[in-house]
Amino acid sequence: MNHPNGQNRPEQSKNVKSVKDSGGGADIRARNLRVLEALLFASSEPMSTAELIPFLSEGAAVEALLTDLQEAYSTRGVSLVQRGDKWAFRTAQDLGFLLRREQTETRSMSRAALETLAIIAYHQPVTRAEMEEIRGVAAGRGTLDLLMEAGWVRMRGRRRTPGRPVTYGTTEDFLDHFSLESLGDLPGMEELKGSGLLSNRLPADMQIPLPYDGDLRDDEDALEDDDPEVLAVLSRGGPAKPSE
Amino acid sequence: MNHPNGQNRPEQSKNVKSVKDSGGGADIRARNLRVLEALLFASSEPMSTAELIPFLSEGAAVEALLTDLQEAYSTRGVSLVQRGDKWAFRTAQDLGFLLRREQTETRSMSRAALETLAIIAYHQPVTRAEMEEIRGVAAGRGTLDLLMEAGWVRMRGRRRTPGRPVTYGTTEDFLDHFSLESLGDLPGMEELKGSGLLSNRLPADMQIPLPYDGDLRDDEDALEDDDPEVLAVLSRGGPAKPSE
Amino acid sequence: MGVADEQDWFAQDPQTERAGADAPDAEVLYVDVEGFEGPLDLLLELARRQKLDLANISVLALAEQYLEFIERVRKKRIEIAADYLVMAAWLAYLKSRLMVPQVPGDEEPSGEMMAALLQFRLKRLEAMRRASEQLMNRPRLGVQVFGRGDPEPVDIARHQVWKVDLFALLKAYTGLRERGIVVDYALGARTVWSLKEARKILERLIGEEGEWAAFDTYLAQYLVEPEDRATVLASSFSASLELVREGQIEMRQSLTFGPLLIRRRKSDKRNA
């Protein structure tokens, strides 16, 4: 989203009615909350704080405002939720049974695809060979394509090991779809961490990697735009922006 | 949105905690408000009370609930608005500017457009046929449209000749953009020669006309508002006020 | 624990509803192998029949069951994927390692290590399988949780700023006007003296005189047009050098940038 032009800023601050002595600060805060409300309500996609800040008053503490707003909506029919680094309004989870709609997309997803998705989510960054090792079976090319097309999985980079295999991870859409604030919210995460089952080695080593969707790791290289594997995905009609 | 299936209704009423004497009523009301909130938030279209009722508790006063909700949101960044007999959430009116962005892009003009503009500037009032004669090339419709969209060219009137062709001239914005106080500031033949823009080897009979952007000339008729060509420009997304 | 009968498996297996007890054996088996997502999946299923808790399974019994199963499938001449055979070979090796005590100095992983590894992989697969189920049971966007159904689009007003100045406008205009009258001042192509031409002219001009004369004076009539000067002088001078080399003329210059004198070589004429 583009930043507003310069004209909006002064208009915005002038509009704030600052009548009472200490009322000014409260008014500004109230206005910032309204602005956040309006922006997040109007968008169907989660928005980052960077996208929101330009609309707030100078030096506004956006995180604190968002937390306040989240609190204000905690008992309502819609909630303000955090999805990775972004925020969005979503219908309250407890009303799900009431609003439930049929969805065909995931119905058609094979057990293989769902297992692969779970492996990527819990083991990321993970290579295709590692996925195959965990499932004990060769992964069809179609499975990963399907997950990338759904927008849940992306290519992250290339592992700095012989053959430079592509590493995969989940996307922000994945968090949004499964109502997760972060990868730490993945179900059973604590238990899996404790059991050492997220390791590629025997638990004897007790080296427990956590799922990681941050920047490239030391052993990952960035994907080039003209990377043959990226191009192959694009030509198969995969996601246009795998690194988004 | 689909109506809930039959199973939901009983479950829904059971879920309501009705413990206290009058507290039960308040709980039901709060829940109904939450449900309305979620439904109206998630709906892709405004919803009628008839569509909302099946989701509410038995005998709920939907109109009163909607009015309450409207009241609750009256100071927020989004408002509950009534559209006919339907209801929807919309960005608060005073925050509409949040959803408007200005975007400027700098472009250079094609030679055809520049030449056409120059002809109009020097030869105005000028008809399309005359422009084509001077340029020696048929003018694309797009060129004139572009110049009108840029706000530099306007339709002046119609020439009182067979076919009553539209005459074109320049606008105030044109003068503004090129920092001309008036059309008289456009350099004449001698100045053009002096600046080296025109060579000295011009035929004796060549003339650079004196531009004219005054009132309608004797051979010009005013354009009517419902003139088909004016309407055609408007329908192509041309300037709303060509004579501005 | 003994080797389970195949009919037992099917009776207990919730995944293979298609395989009825009365179906022909071959078909049942075929369907069943296809029903598994690879050897690890098959092992996991076998392990589940043995014990619910993977931590307490007998890996040896598991290996035996697997090998037995594969053996029976092969006897029925049903093609099975290489993955299953590789696993069978590994399990056969595991079985041998488990049954024969480890010799000191043996570099190979012990049977116990291998068993632990298999157990780990089975547990990990089971964990991921459970995780995928839990994931699908999360409140999902578009199923139980909804975003804004009618998002309000951002209205982007695009302004085009044209990069045009008065000079460009005037240049376009004058260029256009001049383009219209291009015929009137079309000049002949620029003169270029070729060496051959220059030599011909020079030979004619020098004639038979045999007197010293300035190079320029010979060419005077050709040097009137300023734009021709360079080509006339350059080509004539080159041609004159050629004539000197052939011994037809002589050239003389008494000081730097002084006048260049030229005459037909007399001796040359005499000799001829």
# chains A, B, ... in the order shown; residues from 1 in each chain; ligands from 1

$ calpha_fit_and_write --fixed "chain A" --moving "chain B" --output "short mmCIF file (atom, residue, chain, number, x, y, z; two decimals) with C-alpha atoms, in the first residue's frame"
data_model
loop_
_atom_site.label_atom_id
_atom_site.label_comp_id
_atom_site.auth_asym_id
_atom_site.auth_seq_id
_atom_site.Cartn_x
_atom_site.Cartn_y
_atom_site.Cartn_z
CA MET B 1 -12.36 12.43 0.17
CA ASN B 2 -13.50 15.41 -1.80
CA HIS B 3 -13.21 18.79 -0.31
CA PRO B 4 -16.54 20.30 0.45
CA ASN B 5 -17.92 22.54 -2.20
CA GLY B 6 -17.87 26.27 -1.71
CA GLN B 7 -21.45 26.42 -0.53
CA ASN B 8 -20.73 24.46 2.59
CA ARG B 9 -18.34 26.88 4.18
CA PRO B 10 -20.74 29.77 4.82
CA GLU B 11 -23.56 27.40 5.73
CA GLN B 12 -21.27 25.70 8.15
CA SER B 13 -20.29 28.83 9.95
CA LYS B 14 -23.88 30.02 10.08
CA ASN B 15 -25.00 26.72 11.57
CA VAL B 16 -22.81 27.21 14.58
CA LYS B 17 -24.95 28.55 17.36
CA SER B 18 -23.00 31.37 18.84
CA VAL B 19 -25.20 32.61 21.62
CA LYS B 20 -23.22 32.90 24.81
CA ASP B 21 -20.18 35.01 25.15
CA SER B 22 -17.48 32.41 25.46
CA GLY B 23 -19.92 29.59 24.74
CA GLY B 24 -19.63 30.24 21.04
CA GLY B 25 -15.98 29.25 21.10
CA ALA B 26 -16.74 26.01 22.91
CA ASP B 27 -19.51 25.20 20.46
CA ILE B 28 -17.21 25.80 17.53
CA ARG B 29 -14.57 23.64 19.09
CA ALA B 30 -17.07 20.84 19.77
CA ARG B 31 -18.29 21.03 16.23
CA ASN B 32 -14.78 20.95 14.83
CA LEU B 33 -14.08 17.85 16.90
CA ARG B 34 -17.22 16.17 15.57
CA VAL B 35 -16.24 17.01 12.01
CA LEU B 36 -12.75 15.60 12.51
CA GLU B 37 -14.24 12.48 14.03
CA ALA B 38 -16.57 11.94 11.10
CA LEU B 39 -13.93 12.67 8.48
CA LEU B 40 -11.30 10.40 9.98
CA PHE B 41 -13.85 7.67 10.55
CA ALA B 42 -15.12 7.71 6.97
CA SER B 43 -11.82 8.18 5.21
CA SER B 44 -10.34 5.16 3.52
CA GLU B 45 -6.84 6.45 4.21
CA PRO B 46 -5.10 8.41 6.92
CA MET B 47 -5.69 12.13 6.39
CA SER B 48 -3.23 14.98 6.64
CA THR B 49 -4.01 18.19 8.47
CA ALA B 50 -3.99 19.94 5.10
CA GLU B 51 -6.83 17.68 3.96
CA LEU B 52 -8.77 18.25 7.17
CA ILE B 53 -8.49 22.00 7.46
CA PRO B 54 -10.97 22.94 4.69
CA PHE B 55 -13.74 21.20 6.66
CA LEU B 56 -13.07 23.10 9.88
CA SER B 57 -14.10 26.54 10.99
CA GLU B 58 -11.97 29.46 9.88
CA GLY B 59 -8.64 29.56 11.65
CA ALA B 60 -9.18 26.37 13.67
CA ALA B 61 -6.07 25.00 15.34
CA VAL B 62 -6.21 21.62 13.70
CA GLU B 63 -3.19 20.14 15.49
CA ALA B 64 -4.56 21.07 18.89
CA LEU B 65 -7.97 19.67 17.97
CA LEU B 66 -6.41 16.40 16.83
CA THR B 67 -4.43 16.10 20.04
CA ASP B 68 -7.62 16.73 22.02
CA LEU B 69 -9.40 14.05 20.05
CA GLN B 70 -6.51 11.66 20.56
CA GLU B 71 -6.71 12.30 24.26
CA ALA B 72 -10.48 11.74 24.28
CA TYR B 73 -10.06 8.37 22.61
CA SER B 74 -7.03 7.26 24.60
CA THR B 75 -9.10 5.04 26.88
CA ARG B 76 -11.53 3.83 24.24
CA GLY B 77 -11.64 0.75 22.06
CA VAL B 78 -10.31 2.72 19.13
CA SER B 79 -7.45 5.18 19.15
CA LEU B 80 -6.58 8.15 17.02
CA VAL B 81 -3.08 7.51 15.78
CA GLN B 82 -0.59 9.57 13.85
CA ARG B 83 1.08 7.95 10.87
CA GLY B 84 3.77 10.24 9.61
CA ASP B 85 1.97 13.54 9.22
CA LYS B 86 -1.38 11.84 8.73
CA TRP B 87 -4.05 10.76 11.17
CA ALA B 88 -6.33 7.75 11.35
CA PHE B 89 -8.55 5.77 13.70
CA ARG B 90 -7.25 2.34 14.56
CA THR B 91 -8.33 -0.43 16.90
CA ALA B 92 -6.73 0.04 20.30
CA GLN B 93 -3.52 -1.94 20.42
CA ASP B 94 -4.47 -4.11 23.36
CA LEU B 95 -7.66 -5.16 21.55
CA GLY B 96 -5.87 -6.30 18.42
CA PHE B 97 -6.65 -9.89 19.31
CA LEU B 98 -10.31 -9.18 18.53
CA LEU B 99 -9.39 -9.00 14.89
CA ARG B 100 -7.51 -12.26 14.84
CA ARG B 101 -9.29 -15.50 14.36
CA GLU B 102 -7.94 -18.96 14.41
CA GLN B 103 -9.36 -21.41 11.99
CA THR B 104 -8.42 -25.03 11.83
CA GLU B 105 -9.35 -27.36 9.07
CA THR B 106 -8.68 -31.05 9.05
CA ARG B 107 -7.36 -32.44 5.83
CA SER B 108 -6.10 -35.78 4.73
CA MET B 109 -2.86 -36.09 2.85
CA SER B 110 -2.47 -37.28 -0.71
CA ARG B 111 -0.68 -40.56 -1.33
CA ALA B 112 2.13 -38.71 -3.05
CA ALA B 113 2.66 -36.54 0.02
CA LEU B 114 2.51 -39.50 2.37
CA GLU B 115 4.99 -41.48 0.33
CA THR B 116 7.35 -38.56 0.08
CA LEU B 117 7.10 -38.00 3.82
CA ALA B 118 7.78 -41.67 4.49
CA ILE B 119 10.80 -41.65 2.20
CA ILE B 120 12.17 -38.60 3.91
CA ALA B 121 11.55 -40.18 7.30
CA TYR B 122 13.32 -43.44 6.51
CA HIS B 123 15.96 -42.27 4.08
CA GLN B 124 16.95 -38.94 5.55
CA PRO B 125 19.12 -37.11 4.83
CA VAL B 126 17.76 -37.50 1.35
CA THR B 127 17.87 -35.37 -1.77
CA ARG B 128 15.01 -34.72 -4.09
CA ALA B 129 16.65 -36.85 -6.80
CA GLU B 130 16.87 -39.76 -4.38
CA MET B 131 13.22 -39.40 -3.43
CA GLU B 132 12.29 -39.47 -7.06
CA GLU B 133 14.37 -42.55 -7.61
CA ILE B 134 12.68 -44.40 -4.77
CA ARG B 135 9.20 -43.30 -5.75
CA GLY B 136 9.88 -43.80 -9.44
CA VAL B 137 7.96 -40.59 -10.09
CA ALA B 138 9.16 -37.02 -10.39
CA ALA B 139 8.17 -35.12 -7.25
CA GLY B 140 6.07 -32.02 -7.67
CA ARG B 141 7.45 -28.95 -6.00
CA GLY B 142 4.14 -28.65 -4.20
CA THR B 143 4.53 -31.92 -2.32
CA LEU B 144 7.73 -30.89 -0.57
CA ASP B 145 6.38 -27.40 0.05
CA LEU B 146 3.29 -28.88 1.63
CA LEU B 147 5.34 -31.10 3.91
CA MET B 148 7.51 -28.18 4.92
CA GLU B 149 4.45 -26.04 5.52
CA ALA B 150 2.98 -28.77 7.68
CA GLY B 151 6.18 -28.38 9.66
CA TRP B 152 7.23 -32.02 9.30
CA VAL B 153 10.04 -31.68 6.80
CA ARG B 154 12.98 -29.33 6.76
CA MET B 155 15.96 -28.62 4.63
CA ARG B 156 18.98 -30.01 6.40
CA GLY B 157 21.89 -28.92 4.24
CA ARG B 158 23.50 -29.58 0.93
CA ARG B 159 25.07 -32.85 -0.15
CA ARG B 160 28.73 -32.53 -1.14
CA THR B 161 28.18 -33.98 -4.56
CA PRO B 162 28.05 -32.33 -7.99
CA GLY B 163 25.15 -29.91 -8.09
CA ARG B 164 25.19 -29.72 -4.29
CA PRO B 165 21.57 -30.89 -3.93
CA VAL B 166 19.62 -29.90 -0.84
CA THR B 167 19.14 -32.68 1.69
CA TYR B 168 15.83 -33.06 3.49
CA GLY B 169 14.98 -34.49 6.85
CA THR B 170 12.14 -34.58 9.36
CA THR B 171 11.48 -32.19 12.22
CA GLU B 172 10.60 -32.40 15.87
CA ASP B 173 7.01 -31.69 14.94
CA PHE B 174 7.06 -34.78 12.80
CA LEU B 175 8.03 -36.90 15.79
CA ASP B 176 5.40 -35.13 17.86
CA HIS B 177 2.62 -35.69 15.39
CA PHE B 178 3.34 -39.38 14.96
CA SER B 179 4.05 -39.87 18.66
CA LEU B 180 7.58 -41.06 18.07
CA GLU B 181 10.19 -40.50 20.72
CA SER B 182 12.91 -40.61 18.16
CA LEU B 183 13.38 -41.72 14.60
CA GLY B 184 14.69 -44.98 16.00
CA ASP B 185 11.08 -45.75 16.91
CA LEU B 186 10.18 -46.06 13.25
CA PRO B 187 9.67 -49.79 12.74
CA GLY B 188 12.44 -51.61 10.88
CA MET B 189 12.21 -54.34 8.29
CA GLU B 190 11.43 -57.19 10.68
CA GLU B 191 8.76 -55.24 12.55
CA LEU B 192 7.14 -54.23 9.30
CA LYS B 193 7.09 -57.84 8.18
CA GLY B 194 5.77 -58.91 11.53
CA SER B 195 2.90 -56.49 11.34
CA GLY B 196 2.03 -57.71 7.87
CA LEU B 197 2.79 -54.37 6.28
CA LEU B 198 5.63 -55.90 4.30
CA SER B 199 5.13 -59.24 2.66
CA ASN B 200 7.60 -62.04 3.10
CA ARG B 201 8.36 -62.23 -0.57
CA LEU B 202 10.87 -59.46 -0.62
CA PRO B 203 14.12 -59.78 -2.48
CA ALA B 204 16.96 -60.65 -0.21
CA ASP B 205 18.84 -57.47 -0.97
CA MET B 206 16.00 -55.14 -0.01
CA GLN B 207 16.79 -52.97 2.96
CA ILE B 208 14.93 -50.55 5.09
CA PRO B 209 17.42 -47.88 6.02
CA LEU B 210 18.00 -46.68 9.54
CA PRO B 211 16.74 -43.12 9.65
CA TYR B 212 19.24 -40.50 10.70
CA ASP B 213 18.34 -37.05 11.92
CA GLY B 214 21.46 -36.12 13.80
CA ASP B 215 23.87 -33.36 13.00
CA LEU B 216 25.11 -32.74 9.51
CA ARG B 217 26.82 -35.75 8.06
CA ASP B 218 30.25 -35.76 6.64
CA ASP B 219 28.89 -35.37 3.15
CA GLU B 220 26.53 -32.53 4.09
CA ASP B 221 27.23 -28.80 4.16
CA ALA B 222 25.18 -26.40 6.24
CA LEU B 223 22.61 -24.22 4.50
CA GLU B 224 23.37 -20.54 4.39
CA ASP B 225 20.62 -18.13 5.41
CA ASP B 226 20.79 -16.52 2.01
CA ASP B 227 20.71 -19.83 0.23
CA PRO B 228 18.58 -19.31 -2.89
CA GLU B 229 16.46 -22.38 -2.20
CA VAL B 230 15.75 -21.32 1.36
CA LEU B 231 14.75 -17.92 0.10
CA ALA B 232 12.59 -19.51 -2.57
CA VAL B 233 10.68 -21.46 0.06
CA LEU B 234 10.25 -18.36 2.15
CA SER B 235 8.95 -16.41 -0.81
CA ARG B 236 6.43 -19.14 -1.53
CA GLY B 237 5.07 -18.64 1.93
CA GLY B 238 6.79 -21.62 3.36
CA PRO B 239 7.70 -21.91 7.00
CA ALA B 240 9.52 -18.92 8.35
CA LYS B 241 11.86 -21.07 10.36
CA PRO B 242 12.45 -24.25 8.36
CA SER B 243 14.86 -25.56 10.91
CA GLU B 244 12.61 -25.02 13.88
#

$ interface_residues --of "chain C" --to "chain B" --cutoff "9 Å" --atoms "only C-alpha atoms" --output "count of residues only"
38

$ select_by_dssp --residues "stretch 75-235 of chain B" --states "helix (DSSP H, G or I)" --output "PyMOL selection string"
chain B and resi 93-99+111-123+128-135+141-149+172-177+183-185+189-194+228-235

$ atom_distance --atom1 "atom CA of C:Ala81" --atom2 "atom CA of C:Leu60"
23.0 Å

$ atom_distance --atom1 "atom CA of C:Val100" --atom2 "atom CA of C:Asp53"
26.5 Å

$ select_by_dssp --residues "stretch 85-146 of chain B" --states "strand (DSSP E or B)" --output "compact mmCIF listing (two decimals) with all heavy atoms, in the first residue's frame"
# COMPACT_ATOMS: atom_id res chain seq x y z
N LYS B 86 -31.29 -2.63 4.14
CA LYS B 86 -30.17 -3.51 4.47
C LYS B 86 -29.13 -2.77 5.30
O LYS B 86 -29.09 -1.54 5.31
CB LYS B 86 -29.54 -4.05 3.19
CG LYS B 86 -30.55 -4.83 2.37
CD LYS B 86 -29.86 -5.65 1.29
CE LYS B 86 -30.89 -6.58 0.66
NZ LYS B 86 -30.25 -7.52 -0.26
N TRP B 87 -28.28 -3.54 5.94
CA TRP B 87 -27.29 -2.97 6.85
C TRP B 87 -25.89 -3.41 6.48
O TRP B 87 -25.68 -4.53 6.02
CB TRP B 87 -27.59 -3.41 8.29
CG TRP B 87 -28.91 -2.90 8.81
CD1 TRP B 87 -30.14 -3.38 8.49
CD2 TRP B 87 -29.11 -1.80 9.70
NE1 TRP B 87 -31.11 -2.67 9.14
CE2 TRP B 87 -30.50 -1.69 9.90
CE3 TRP B 87 -28.26 -0.92 10.37
CZ2 TRP B 87 -31.06 -0.72 10.72
CZ3 TRP B 87 -28.82 0.04 11.20
CH2 TRP B 87 -30.21 0.13 11.36
N ALA B 88 -24.94 -2.52 6.71
CA ALA B 88 -23.54 -2.85 6.40
C ALA B 88 -22.60 -1.98 7.21
O ALA B 88 -22.96 -0.88 7.64
CB ALA B 88 -23.27 -2.64 4.91
N PHE B 89 -21.39 -2.51 7.43
CA PHE B 89 -20.33 -1.70 8.05
C PHE B 89 -19.62 -0.92 6.95
O PHE B 89 -19.32 -1.44 5.89
CB PHE B 89 -19.31 -2.60 8.76
CG PHE B 89 -19.72 -3.00 10.15
CD1 PHE B 89 -19.92 -4.32 10.46
CD2 PHE B 89 -19.89 -2.04 11.13
CE1 PHE B 89 -20.29 -4.69 11.75
CE2 PHE B 89 -20.26 -2.39 12.42
CZ PHE B 89 -20.46 -3.73 12.73
N ARG B 90 -19.36 0.33 7.24
CA ARG B 90 -18.62 1.17 6.31
C ARG B 90 -17.63 2.03 7.09
O ARG B 90 -17.88 2.36 8.25
CB ARG B 90 -19.57 2.09 5.53
CG ARG B 90 -20.40 1.38 4.48
CD ARG B 90 -19.56 1.09 3.24
NE ARG B 90 -20.28 0.28 2.29
CZ ARG B 90 -20.22 -1.04 2.22
NH1 ARG B 90 -19.46 -1.71 3.07
NH2 ARG B 90 -20.89 -1.71 1.32
N THR B 91 -16.56 2.41 6.43
CA THR B 91 -15.61 3.34 7.03
C THR B 91 -16.32 4.62 7.44
O THR B 91 -17.16 5.12 6.69
CB THR B 91 -14.50 3.69 6.02
OG1 THR B 91 -13.92 2.48 5.56
CG2 THR B 91 -13.44 4.56 6.65
N ARG B 100 -8.18 7.05 0.24
CA ARG B 100 -7.81 7.70 -1.03
C ARG B 100 -6.31 7.92 -1.06
O ARG B 100 -5.71 8.36 -0.09
CB ARG B 100 -8.55 9.03 -1.18
CG ARG B 100 -9.99 8.85 -1.60
CD ARG B 100 -10.58 10.18 -2.02
NE ARG B 100 -10.78 11.08 -0.89
CZ ARG B 100 -11.84 11.04 -0.11
NH1 ARG B 100 -12.78 10.15 -0.33
NH2 ARG B 100 -11.96 11.89 0.89
N ARG B 101 -5.74 7.55 -2.15
CA ARG B 101 -4.31 7.77 -2.30
C ARG B 101 -4.07 8.55 -3.57
O ARG B 101 -4.75 8.37 -4.56
CB ARG B 101 -3.58 6.44 -2.45
CG ARG B 101 -3.89 5.46 -1.39
CD ARG B 101 -2.93 5.60 -0.23
NE ARG B 101 -3.11 4.48 0.65
CZ ARG B 101 -4.16 4.31 1.45
NH1 ARG B 101 -5.13 5.20 1.45
NH2 ARG B 101 -4.27 3.24 2.21
N GLU B 102 -3.10 9.41 -3.48
CA GLU B 102 -2.71 10.14 -4.67
C GLU B 102 -1.46 9.48 -5.22
O GLU B 102 -0.59 9.07 -4.47
CB GLU B 102 -2.37 11.60 -4.31
CG GLU B 102 -3.41 12.26 -3.45
CD GLU B 102 -4.55 12.85 -4.25
OE1 GLU B 102 -4.28 13.27 -5.39
OE2 GLU B 102 -5.68 12.86 -3.75
N GLN B 103 -1.43 9.35 -6.50
CA GLN B 103 -0.25 8.76 -7.11
C GLN B 103 0.11 9.59 -8.32
O GLN B 103 -0.72 9.80 -9.19
CB GLN B 103 -0.56 7.34 -7.55
CG GLN B 103 0.46 6.35 -7.09
CD GLN B 103 0.07 4.95 -7.48
OE1 GLN B 103 -0.41 4.71 -8.57
NE2 GLN B 103 0.28 4.00 -6.57
N THR B 104 1.32 10.07 -8.36
CA THR B 104 1.72 10.82 -9.53
C THR B 104 2.80 10.08 -10.28
O THR B 104 3.68 9.47 -9.68
CB THR B 104 2.28 12.21 -9.14
OG1 THR B 104 3.21 12.00 -8.08
CG2 THR B 104 1.20 13.13 -8.69
N GLU B 105 2.66 10.05 -11.57
CA GLU B 105 3.72 9.45 -12.36
C GLU B 105 4.12 10.45 -13.44
O GLU B 105 3.30 11.12 -14.04
CB GLU B 105 3.29 8.12 -12.96
CG GLU B 105 1.93 8.14 -13.63
CD GLU B 105 1.55 6.77 -14.16
OE1 GLU B 105 2.32 5.83 -13.98
OE2 GLU B 105 0.49 6.67 -14.78
N THR B 106 5.42 10.55 -13.63
CA THR B 106 5.94 11.48 -14.61
C THR B 106 6.12 10.77 -15.93
O THR B 106 6.71 9.70 -15.98
CB THR B 106 7.29 12.03 -14.13
OG1 THR B 106 7.15 12.44 -12.79
CG2 THR B 106 7.74 13.19 -14.98
N ARG B 107 5.56 11.35 -16.96
CA ARG B 107 5.69 10.72 -18.27
C ARG B 107 6.13 11.75 -19.28
O ARG B 107 5.87 12.94 -19.14
CB ARG B 107 4.34 10.14 -18.72
CG ARG B 107 3.96 8.88 -17.97
CD ARG B 107 2.61 8.39 -18.41
NE ARG B 107 2.56 8.13 -19.85
CZ ARG B 107 1.43 7.79 -20.48
NH1 ARG B 107 0.32 7.72 -19.82
NH2 ARG B 107 1.44 7.54 -21.77
N VAL B 126 -8.59 25.67 -34.04
CA VAL B 126 -8.20 24.82 -35.16
C VAL B 126 -9.04 23.54 -35.13
O VAL B 126 -9.35 23.03 -34.06
CB VAL B 126 -6.69 24.51 -35.07
CG1 VAL B 126 -6.34 23.77 -33.80
CG2 VAL B 126 -6.19 23.75 -36.28
N THR B 127 -9.40 23.07 -36.30
CA THR B 127 -10.18 21.83 -36.37
C THR B 127 -9.24 20.65 -36.55
O THR B 127 -8.08 20.82 -36.92
CB THR B 127 -11.17 21.85 -37.54
OG1 THR B 127 -10.41 21.82 -38.75
CG2 THR B 127 -12.06 23.08 -37.50
